[in-house]
>>> print(open('entry-v8.pdb').read())   # PDB, C-alpha atoms
ATOM      1  CA  MET A   1     113.555  83.917  56.628
ATOM      2  CA  PRO A   2     117.192  82.812  56.285
ATOM      3  CA  TRP A   3     119.482  82.539  59.328
ATOM      4  CA  PRO A   4     121.926  85.439  59.621
ATOM      5  CA  ASP A   5     125.527  84.780  58.710
ATOM      6  CA  PHE A   6     127.740  85.583  61.702
ATOM      7  CA  GLY A   7     130.874  85.271  59.570
ATOM      8  CA  SER A   8     134.325  85.090  61.000
ATOM      9  CA  ASN A   9     133.498  87.498  63.824
ATOM     10  CA  SER A  10     131.262  85.006  65.565
ATOM     11  CA  CYS A  11     132.084  84.372  69.207
ATOM     12  CA  PHE A  12     131.494  80.670  68.593
ATOM     13  CA  ASP A  13     134.429  80.337  66.199
ATOM     14  CA  ASN A  14     137.022  80.083  68.940
ATOM     15  CA  PHE A  15     134.992  77.558  70.868
ATOM     16  CA  GLY A  16     134.268  75.586  67.692
ATOM     17  CA  GLY A  17     137.903  75.557  66.618
ATOM     18  CA  SER A  18     138.955  74.376  70.028
ATOM     19  CA  PHE A  19     136.155  71.810  70.010
ATOM     20  CA  TRP A  20     137.069  70.252  66.672
ATOM     21  CA  SER A  21     140.804  70.415  67.279
ATOM     22  CA  GLN A  22     140.316  68.597  70.545
ATOM     23  CA  ARG A  23     138.157  66.026  68.780
ATOM     24  CA  LYS A  24     140.697  65.423  66.014
ATOM     25  CA  ASN A  25     143.433  64.854  68.534
ATOM     26  CA  THR A  26     141.365  62.283  70.350
ATOM     27  CA  SER A  27     142.357  58.694  70.003
ATOM     28  CA  ALA A  28     140.066  56.855  67.642
ATOM     29  CA  GLY A  29     140.277  53.728  69.721
ATOM     30  CA  THR A  30     138.770  55.202  72.887
ATOM     31  CA  GLY A  31     136.332  57.640  71.352
ATOM     32  CA  ASP A  32     136.398  59.584  74.645
ATOM     33  CA  TRP A  33     136.684  62.969  72.999
ATOM     34  CA  PHE A  34     134.476  64.832  75.533
ATOM     35  CA  SER A  35     136.811  64.151  78.436
ATOM     36  CA  GLN A  36     139.622  65.984  76.664
ATOM     37  CA  LEU A  37     137.706  69.246  76.195
ATOM     38  CA  HIS A  38     139.260  72.248  77.938
ATOM     39  CA  PHE A  39     136.925  74.059  80.345
ATOM     40  CA  PRO A  40     139.078  76.407  82.457
ATOM     41  CA  LEU A  41     136.296  77.539  84.822
ATOM     42  CA  ILE A  42     135.253  74.015  85.665
ATOM     43  CA  GLU A  43     138.829  72.955  86.168
ATOM     44  CA  PHE A  44     139.466  75.940  88.470
ATOM     45  CA  GLU A  45     136.465  75.116  90.627
ATOM     46  CA  ASN A  46     137.393  71.452  90.748
ATOM     47  CA  HIS A  47     140.935  72.401  91.710
ATOM     48  CA  GLN A  48     139.672  74.562  94.562
ATOM     49  CA  SER A  49     137.378  71.805  95.726
ATOM     50  CA  GLU A  50     140.203  69.269  95.614
ATOM     51  CA  MET A  51     142.457  71.609  97.589
ATOM     52  CA  TRP A  52     139.753  72.148 100.207
ATOM     53  CA  GLU A  53     139.044  68.460 100.507
ATOM     54  CA  SER A  54     142.683  67.431 100.538
ATOM     55  CA  GLN A  55     143.815  70.109 102.988
ATOM     56  CA  PRO A  56     142.327  68.471 106.117
ATOM     57  CA  GLY A  57     144.556  65.661 107.275
ATOM     58  CA  THR A  58     147.630  66.798 105.354
ATOM     59  CA  HIS A  59     149.091  68.807 108.263
ATOM     60  CA  THR A  60     148.842  66.604 111.330
ATOM     61  CA  VAL A  61     150.735  66.598 114.597
ATOM     62  CA  ARG A  62     152.773  63.613 113.434
ATOM     63  CA  SER A  63     153.758  65.091 110.079
ATOM     64  CA  HIS A  64     154.200  68.800 110.862
ATOM     65  CA  GLY A  65     153.966  69.140 114.655
ATOM     66  CA  VAL A  66     157.695  69.323 115.371
ATOM     67  CA  ARG A  67     158.263  71.772 112.516
ATOM     68  CA  VAL A  68     155.524  74.121 113.685
ATOM     69  CA  ALA A  69     156.661  74.029 117.310
ATOM     70  CA  THR A  70     160.295  74.630 116.307
ATOM     71  CA  THR A  71     159.331  77.573 114.144
ATOM     72  CA  HIS A  72     157.585  79.204 117.109
ATOM     73  CA  MET A  73     160.180  78.244 119.695
ATOM     74  CA  HIS A  74     160.624  81.865 120.792
ATOM     75  CA  ASP A  75     156.905  82.086 121.583
ATOM     76  CA  TRP A  76     157.148  79.053 123.860
ATOM     77  CA  LEU A  77     160.181  80.571 125.577
ATOM     78  CA  ILE A  78     158.203  83.734 126.252
ATOM     79  CA  LEU A  79     155.410  81.623 127.740
ATOM     80  CA  ILE A  80     157.930  79.944 130.044
ATOM     81  CA  VAL A  81     159.182  83.345 131.176
ATOM     82  CA  LEU A  82     155.622  84.484 131.848
ATOM     83  CA  GLY A  83     155.019  81.340 133.890
ATOM     84  CA  LEU A  84     158.119  82.006 135.995
ATOM     85  CA  ILE A  85     157.056  85.602 136.579
ATOM     86  CA  LEU A  86     153.627  84.384 137.674
ATOM     87  CA  ILE A  87     155.224  82.004 140.185
ATOM     88  CA  VAL A  88     157.367  84.803 141.615
ATOM     89  CA  LEU A  89     154.367  87.110 141.961
ATOM     90  CA  ASN A  90     152.530  84.441 143.946
ATOM     91  CA  VAL A  91     155.506  83.790 146.237
ATOM     92  CA  ILE A  92     156.433  87.359 147.194
ATOM     93  CA  HIS A  93     154.515  89.289 149.834
ATOM     94  CA  PRO A  94     151.988  91.854 148.645
ATOM     95  CA  PHE A  95     151.937  95.414 149.871
ATOM     96  CA  TYR A  96     150.674  95.480 153.467
ATOM     97  CA  ARG A  97     148.644  98.637 153.584
ATOM     98  CA  PHE A  98     147.557 100.331 156.791
ATOM     99  CA  VAL A  99     144.470  98.753 158.347
ATOM    100  CA  GLY A 100     143.164 100.527 161.441
ATOM    101  CA  LYS A 101     140.613  99.492 164.015
ATOM    102  CA  ASP A 102     137.947 101.795 162.608
ATOM    103  CA  MET A 103     138.313 100.060 159.219
ATOM    104  CA  MET A 104     137.722  96.544 160.547
ATOM    105  CA  SER A 105     133.957  96.832 160.362
ATOM    106  CA  ASP A 106     134.217  96.343 156.579
ATOM    107  CA  PHE A 107     136.449  93.257 156.876
ATOM    108  CA  LYS A 108     134.462  91.062 159.279
ATOM    109  CA  TYR A 109     132.755  88.839 156.745
ATOM    110  CA  PRO A 110     132.958  85.124 157.641
ATOM    111  CA  PHE A 111     136.143  83.374 156.614
ATOM    112  CA  LYS A 112     135.174  80.332 154.552
ATOM    113  CA  SER A 113     136.316  78.507 151.456
ATOM    114  CA  SER A 114     135.692  80.056 148.045
ATOM    115  CA  THR A 115     132.485  79.232 146.205
ATOM    116  CA  VAL A 116     134.622  78.530 143.128
ATOM    117  CA  PRO A 117     137.791  76.820 144.414
ATOM    118  CA  PRO A 118     141.153  77.881 142.973
ATOM    119  CA  TRP A 119     141.735  74.482 141.352
ATOM    120  CA  ALA A 120     138.593  74.974 139.240
ATOM    121  CA  VAL A 121     139.894  78.149 137.602
ATOM    122  CA  PRO A 122     142.375  76.436 135.211
ATOM    123  CA  ILE A 123     139.690  73.879 134.341
ATOM    124  CA  TYR A 124     137.192  76.347 132.907
ATOM    125  CA  ALA A 125     139.786  78.859 131.680
ATOM    126  CA  ILE A 126     142.299  76.509 130.009
ATOM    127  CA  ILE A 127     141.239  72.857 129.923
ATOM    128  CA  LEU A 128     137.715  73.508 128.607
ATOM    129  CA  PRO A 129     138.961  75.590 125.629
ATOM    130  CA  LEU A 130     141.663  72.977 124.967
ATOM    131  CA  ILE A 131     139.002  70.275 124.713
ATOM    132  CA  VAL A 132     137.159  72.342 122.107
ATOM    133  CA  PHE A 133     140.391  72.905 120.172
ATOM    134  CA  LEU A 134     141.182  69.174 120.205
ATOM    135  CA  LEU A 135     137.700  68.286 118.978
ATOM    136  CA  PHE A 136     138.108  70.678 116.082
ATOM    137  CA  TYR A 137     141.538  69.198 115.328
ATOM    138  CA  LEU A 138     140.075  65.686 115.224
ATOM    139  CA  ARG A 139     137.583  66.967 112.679
ATOM    140  CA  ARG A 140     139.969  68.913 110.444
ATOM    141  CA  ARG A 141     143.414  67.481 111.233
ATOM    142  CA  ASP A 142     145.081  70.892 110.989
ATOM    143  CA  VAL A 143     148.084  71.147 113.281
ATOM    144  CA  TYR A 144     148.571  74.827 112.454
ATOM    145  CA  ASP A 145     145.132  75.622 113.814
ATOM    146  CA  LEU A 146     145.687  73.499 116.921
ATOM    147  CA  HIS A 147     149.142  74.894 117.641
ATOM    148  CA  HIS A 148     148.181  78.534 117.246
ATOM    149  CA  THR A 149     144.992  78.229 119.287
ATOM    150  CA  ILE A 150     146.928  76.665 122.168
ATOM    151  CA  LEU A 151     149.602  79.336 121.830
ATOM    152  CA  GLY A 152     147.082  82.167 121.756
ATOM    153  CA  LEU A 153     145.105  80.746 124.687
ATOM    154  CA  LEU A 154     148.202  80.431 126.879
ATOM    155  CA  PHE A 155     149.363  83.926 125.964
ATOM    156  CA  SER A 156     145.942  85.332 126.813
ATOM    157  CA  VAL A 157     145.722  83.572 130.178
ATOM    158  CA  LEU A 158     149.333  84.076 131.292
ATOM    159  CA  ILE A 159     149.553  87.751 130.348
ATOM    160  CA  THR A 160     146.257  88.391 132.124
ATOM    161  CA  ALA A 161     147.408  86.430 135.178
ATOM    162  CA  VAL A 162     150.721  88.331 135.380
ATOM    163  CA  LEU A 163     148.975  91.705 135.145
ATOM    164  CA  THR A 164     146.340  90.672 137.684
ATOM    165  CA  ASP A 165     148.807  89.368 140.277
ATOM    166  CA  ALA A 166     151.117  92.358 139.769
ATOM    167  CA  ILE A 167     148.235  94.709 140.559
ATOM    168  CA  LYS A 168     147.211  92.542 143.513
ATOM    169  CA  ASP A 169     150.706  92.750 144.995
ATOM    170  CA  ALA A 170     151.000  96.482 144.348
ATOM    171  CA  VAL A 171     147.585  97.441 145.749
ATOM    172  CA  GLY A 172     147.406  95.054 148.701
ATOM    173  CA  ARG A 173     143.709  95.602 149.255
ATOM    174  CA  PRO A 174     142.372  93.475 152.153
ATOM    175  CA  ARG A 175     139.675  90.902 151.499
ATOM    176  CA  PRO A 176     136.235  91.237 153.116
ATOM    177  CA  ASP A 177     137.165  88.436 155.567
ATOM    178  CA  PHE A 178     140.515  89.970 156.510
ATOM    179  CA  PHE A 179     139.609  90.323 160.192
ATOM    180  CA  TRP A 180     139.262  86.561 160.668
ATOM    181  CA  ARG A 181     142.358  85.896 158.568
ATOM    182  CA  CYS A 182     144.328  88.292 160.744
ATOM    183  CA  PHE A 183     142.733  87.325 164.093
ATOM    184  CA  PRO A 184     141.445  83.735 163.915
ATOM    185  CA  ASP A 185     140.537  83.785 167.623
ATOM    186  CA  GLY A 186     138.626  87.058 167.269
ATOM    187  CA  LYS A 187     141.033  88.982 169.532
ATOM    188  CA  ASP A 188     142.317  91.954 167.585
ATOM    189  CA  ALA A 189     145.593  93.727 168.337
ATOM    190  CA  TYR A 190     147.125  96.968 167.074
ATOM    191  CA  ASP A 191     150.476  98.676 167.352
ATOM    192  CA  GLN A 192     151.228 102.175 168.640
ATOM    193  CA  TRP A 193     150.280 103.707 165.287
ATOM    194  CA  GLY A 194     146.952 101.914 165.171
ATOM    195  CA  ASN A 195     147.894  99.366 162.502
ATOM    196  CA  VAL A 196     146.892  95.714 162.833
ATOM    197  CA  VAL A 197     149.233  93.185 164.400
ATOM    198  CA  CYS A 198     148.106  89.900 162.915
ATOM    199  CA  HIS A 199     148.736  86.566 164.615
ATOM    200  CA  GLY A 200     147.084  84.239 162.077
ATOM    201  CA  ASP A 201     148.593  81.906 159.518
ATOM    202  CA  LYS A 202     151.081  83.809 157.324
ATOM    203  CA  SER A 203     149.967  82.306 154.022
ATOM    204  CA  VAL A 204     146.333  83.023 154.843
ATOM    205  CA  ILE A 205     147.192  86.601 155.775
ATOM    206  CA  ARG A 206     149.214  87.031 152.568
ATOM    207  CA  GLN A 207     146.252  85.909 150.484
ATOM    208  CA  GLY A 208     144.080  88.239 152.538
ATOM    209  CA  HIS A 209     145.896  91.205 150.979
ATOM    210  CA  LYS A 210     145.013  90.162 147.407
ATOM    211  CA  SER A 211     141.420  91.232 147.033
ATOM    212  CA  PHE A 212     141.698  93.428 143.942
ATOM    213  CA  PRO A 213     141.432  92.699 141.080
ATOM    214  CA  SER A 214     139.603  89.385 141.015
ATOM    215  CA  GLY A 215     141.750  86.516 139.761
ATOM    216  CA  HIS A 216     138.765  84.259 139.049
ATOM    217  CA  THR A 217     137.155  86.889 136.842
ATOM    218  CA  SER A 218     140.291  87.818 134.927
ATOM    219  CA  TRP A 219     141.178  84.175 134.189
ATOM    220  CA  ALA A 220     137.614  83.457 133.062
ATOM    221  CA  PHE A 221     137.540  86.405 130.658
ATOM    222  CA  ALA A 222     140.994  85.575 129.301
ATOM    223  CA  GLY A 223     140.318  81.898 128.598
ATOM    224  CA  LEU A 224     136.633  81.865 127.717
ATOM    225  CA  GLY A 225     136.910  85.170 125.864
ATOM    226  CA  PHE A 226     139.573  83.673 123.611
ATOM    227  CA  LEU A 227     137.391  80.597 123.104
ATOM    228  CA  SER A 228     134.440  82.804 122.139
ATOM    229  CA  LEU A 229     136.477  84.622 119.508
ATOM    230  CA  TYR A 230     137.779  81.294 118.188
ATOM    231  CA  LEU A 231     134.283  79.852 117.792
ATOM    232  CA  ALA A 232     133.003  83.097 116.278
ATOM    233  CA  GLY A 233     135.738  82.894 113.651
ATOM    234  CA  LYS A 234     134.968  79.274 112.852
ATOM    235  CA  ILE A 235     131.239  79.786 112.369
ATOM    236  CA  LYS A 236     131.736  83.265 110.834
ATOM    237  CA  ALA A 237     129.434  84.820 113.372
ATOM    238  CA  PHE A 238     130.309  88.387 112.381
ATOM    239  CA  ASP A 239     129.155  88.087 108.710
ATOM    240  CA  GLY A 240     125.555  89.093 109.414
ATOM    241  CA  LEU A 241     126.077  91.877 111.793
ATOM    242  CA  ILE A 242     126.130  94.946 109.557
ATOM    243  CA  VAL A 243     122.500  95.917 110.117
ATOM    244  CA  ALA A 244     122.667  95.007 113.808
ATOM    245  CA  THR A 245     125.793  97.131 114.270
ATOM    246  CA  LEU A 246     124.300 100.128 112.488
ATOM    247  CA  CYS A 247     121.084  99.861 114.512
ATOM    248  CA  TYR A 248     123.012  99.517 117.768
ATOM    249  CA  LEU A 249     125.152 102.576 117.045
ATOM    250  CA  GLN A 250     121.991 104.606 116.414
ATOM    251  CA  PHE A 251     121.059 104.292 120.092
ATOM    252  CA  PHE A 252     124.316 103.511 121.920
ATOM    253  CA  PRO A 253     127.937 104.666 121.690
ATOM    254  CA  PRO A 254     130.503 102.104 120.529
ATOM    255  CA  PRO A 255     131.149  99.341 123.098
ATOM    256  CA  TYR A 256     134.733 100.530 123.618
ATOM    257  CA  HIS A 257     133.554 104.076 124.472
ATOM    258  CA  ALA A 258     133.950 105.286 128.051
ATOM    259  CA  GLU A 259     130.181 105.825 128.247
ATOM    260  CA  GLY A 260     129.354 102.795 126.115
ATOM    261  CA  TRP A 261     126.900 101.431 128.692
ATOM    262  CA  ARG A 262     124.632 104.502 128.361
ATOM    263  CA  THR A 263     122.295 105.524 125.545
ATOM    264  CA  HIS A 264     122.731 108.523 123.249
ATOM    265  CA  ALA A 265     119.474 109.956 124.593
ATOM    266  CA  TYR A 266     120.681 109.800 128.186
ATOM    267  CA  LEU A 267     124.001 111.411 127.320
ATOM    268  CA  HIS A 268     122.214 114.142 125.376
ATOM    269  CA  MET A 269     119.863 114.752 128.317
ATOM    270  CA  MET A 270     122.786 114.991 130.744
ATOM    271  CA  GLU A 271     124.559 117.435 128.445
ATOM    272  CA  GLU A 272     121.445 119.604 128.277
ATOM    273  CA  SER A 273     121.093 119.455 132.069
ATOM    274  CA  ARG A 274     124.681 120.600 132.552
ATOM    275  CA  THR A 275     124.195 123.386 130.012
ATOM    276  CA  ASN A 276     120.992 124.550 131.717
ATOM    277  CA  ALA A 277     122.651 124.427 135.123
ATOM    278  CA  ASN A 278     125.567 126.513 133.874
ATOM    279  CA  ASN A 279     123.176 129.015 132.304
ATOM    280  CA  ALA A 280     121.211 129.243 135.548
ATOM    281  CA  ARG A 281     124.357 129.907 137.569
ATOM    282  CA  THR A 282     125.444 132.531 135.074
ATOM    283  CA  SER A 283     122.032 134.256 135.269
ATOM    284  CA  ALA A 284     122.119 134.211 139.071
ATOM    285  CA  LEU A 285     125.538 135.830 139.072
ATOM    286  CA  GLU A 286     124.317 138.512 136.683
ATOM    287  CA  VAL A 287     121.315 139.210 138.907
ATOM    288  CA  GLU A 288     123.594 139.577 141.931
ATOM    289  CA  ILE A 289     125.988 141.846 140.083
ATOM    290  CA  GLN A 290     123.321 144.249 138.769
ATOM    291  CA  PRO A 291     121.975 145.376 142.232
ATOM    292  CA  ASN A 292     125.542 145.835 143.403
ATOM    293  CA  GLN A 293     126.252 148.013 140.386
ATOM    294  CA  ARG A 294     123.117 150.050 141.021
ATOM    295  CA  ASN A 295     124.043 150.519 144.678
ATOM    296  CA  GLY A 296     127.516 151.565 143.679
ATOM    297  CA  ASN A 297     126.211 154.040 141.150
ATOM    298  CA  SER A 298     123.768 155.524 143.684
ATOM    299  CA  MET A 299     126.517 155.905 146.270
ATOM    300  CA  ARG A 300     128.732 157.658 143.748
ATOM    301  CA  GLY A 301     125.823 159.964 142.789
ATOM    302  CA  LEU A 302     125.161 160.799 146.445
ATOM    303  CA  ALA A 303     128.800 161.648 146.989
ATOM    304  CA  ILE A 304     128.818 163.902 143.922
ATOM    305  CA  SER A 305     125.648 165.686 145.016
ATOM    306  CA  ARG A 306     127.033 166.254 148.488
ATOM    307  CA  ALA A 307     130.257 167.575 147.044
ATOM    308  CA  SER A 308     128.388 169.952 144.754
ATOM    309  CA  SER A 309     126.469 171.444 147.714
ATOM    310  CA  LEU A 310     129.635 172.536 149.509
ATOM    311  CA  PRO A 311     130.915 176.080 149.129
ATOM    312  CA  VAL A 312     133.486 176.720 146.473
ATOM    313  CA  GLU A 313     136.045 177.776 149.040
ATOM    314  CA  ASP A 314     135.672 174.500 150.960
ATOM    315  CA  ILE A 315     136.008 172.500 147.817
ATOM    316  CA  GLU A 316     139.141 174.373 146.856
ATOM    317  CA  TYR A 317     140.688 173.837 150.342
ATOM    318  CA  GLY A 318     139.431 170.283 150.692
ATOM    319  CA  ARG A 319     137.106 171.071 153.571
ATOM    320  CA  ARG A 320     133.598 169.753 154.023
TER     321      ARG A 320
END
>>> encode(input="entry-v8.pdb", output="structure tokens")
Amino acid sequence: MPWPDFGSNSCFDNFGGSFWSQRKNTSAGTGDWFSQLHFPLIEFENHQSEMWESQPGTHTVRSHGVRVATTHMHDWLILIVLGLILIVLNVIHPFYRFVGKDMMSDFKYPFKSSTVPPWAVPIYAIILPLIVFLLFYLRRRDVYDLHHTILGLLFSVLITAVLTDAIKDAVGRPRPDFFWRCFPDGKDAYDQWGNVVCHGDKSVIRQGHKSFPSGHTSWAFAGLGFLSLYLAGKIKAFDGLIVATLCYLQFFPPPYHAEGWRTHAYLHMMEESRTNANNARTSALEVEIQPNQRNGNSMRGLAISRASSLPVEDIEYGRR
């Protein structure tokens, strides 16, 4: 059986023409005609690979650090302003709310140093993430990544710290050990209105009015939360979560929902309970109303019957 003739419409003609034209243009001395063939797909992939391999190390702190920092100079100025605001919020006095003698039973916890000292907060909230960022920079040599992670971390921590200390100063909620901060010798004193008259150290008393919200917790979530998102982006942790997300949403509301910590079944049960309770109250009201209506109708019938038994003359003259 003879081979079919594809003719001029064959898809191999273009490749063959390119093949032989490339071969004719090849130098006869080298004979390296295969290296001059044109394969666009292979060249594109090689180009991408070369870009990916050459990108690390091309944007270092020495070569592009000053340019990147200068470009984002306004961001660093904002960070400086946030730092100054944070200093002011720690210097000013918080709101001294009324604390009476009958309230002191809740504020008599022992006055002792914090389990996590204040100097440790910047270590785990800022320095630890910075170490991770520097290790990644040493691996990739990308100053853009290093600069923006440091910038984002400082924004996260400073904005959180400013909001936290502003609320602390505005609320002025006493700490659980406020009694011993206010009265170190254990001898309490109150003014004519019943408010405390503290005679302890002023700085200790000022810190005693900053119980809410927790500074340790807010700094930890700001710094380590940013680090978690950074690592999740680097390892692409959210690429395999479609099925997990769909399965989670089948049983729980979204995490940002006000009732996100409850299950759909519990919320549905509570809704049914409220509906049943409302129906029961409505039925009870109807039951109470019906006897009253019957009593009212019977009284009106008795009055009509009594009126009908009177003589016509009395009815006409309004006498009974």
>>> residues_around(input="entry-v8.pdb", residues="Tyr124 of chain A", least_positions_apart="2", cutoff="9 Å", atoms="only C-alpha atoms", output="PyMOL selection string")
chain A and resi 120-122+126-129+219-220+223-224
>>> residues_around(input="entry-v8.pdb", residues="Gly83 of chain A", least_positions_apart="2", cutoff="10 Å", atoms="all atoms listed in the file", output="count of residues only")
15
>>> resolve_selection(input="entry-v8.pdb", expression="the PyMOL selection byres ((chain A and resi 226) around 12)", output="MDAnalysis selection string")
chainID A and resid 125:126 128:130 132:133 148:157 160 219:225 227:233
>>> resolve_selection(input="entry-v8.pdb", expression="the PyMOL selection byres ((chain A and resi 68-73) around 10)", output="list of chain:residue names")
A:His59, A:Val61, A:Ser63, A:His64, A:Gly65, A:Val66, A:Arg67, A:His74, A:Asp75, A:Trp76, A:Leu77, A:Ile78, A:Leu79, A:Val143, A:Tyr144, A:His147, A:His148, A:Leu151
>>> atom_distance(input="entry-v8.pdb", atom1="atom CA of Phe95 of chain A", atom2="atom CA of Pro110 of chain A")
22.9 Å
>>> closest_residue(input="entry-v8.pdb", among="A:Lys210, A:Arg140, A:His257, A:Arg97", to="Thr164 of chain A", atoms="only C-alpha atoms")
A:Lys210
>>> atom_distance(input="entry-v8.pdb", atom1="atom CA of Met104 of chain A", atom2="atom CA of Lys202 of chain A")
18.7 Å
>>> residues_near_point(input="entry-v8.pdb", point="(135.6, 83.5, 154.5)", cutoff="8 Å", atoms="all atoms listed in the file", output="list in words")
Tyr109, Pro110, Phe111, Lys112, Ser113, Ser114, Pro176, Asp177 and Trp180 of chain A
>>> atom_distance(input="entry-v8.pdb", atom1="atom CA of His264 of chain A", atom2="atom CA of Cys247 of chain A")
12.4 Å
>>> resolve_selection(input="entry-v8.pdb", expression="the PyMOL selection byres ((chain A and resi 168) around 8)", output="CSV table (one decimal) with C-alpha atoms, keeping the file's coordinate frame")
chain,number,residue,atom,x,y,z
A,94,PRO,CA,152.0,91.9,148.6
A,164,THR,CA,146.3,90.7,137.7
A,165,ASP,CA,148.8,89.4,140.3
A,166,ALA,CA,151.1,92.4,139.8
A,167,ILE,CA,148.2,94.7,140.6
A,169,ASP,CA,150.7,92.8,145.0
A,170,ALA,CA,151.0,96.5,144.3
A,171,VAL,CA,147.6,97.4,145.7
A,172,GLY,CA,147.4,95.1,148.7
A,173,ARG,CA,143.7,95.6,149.3
A,209,HIS,CA,145.9,91.2,151.0
A,210,LYS,CA,145.0,90.2,147.4
A,211,SER,CA,141.4,91.2,147.0
A,212,PHE,CA,141.7,93.4,143.9
A,213,PRO,CA,141.4,92.7,141.1
>>> closest_residue(input="entry-v8.pdb", among="A:Ile123, A:Ile205, A:Ile242, A:Leu82", to="Pro184 of chain A", atoms="all atoms listed in the file")
A:Ile205
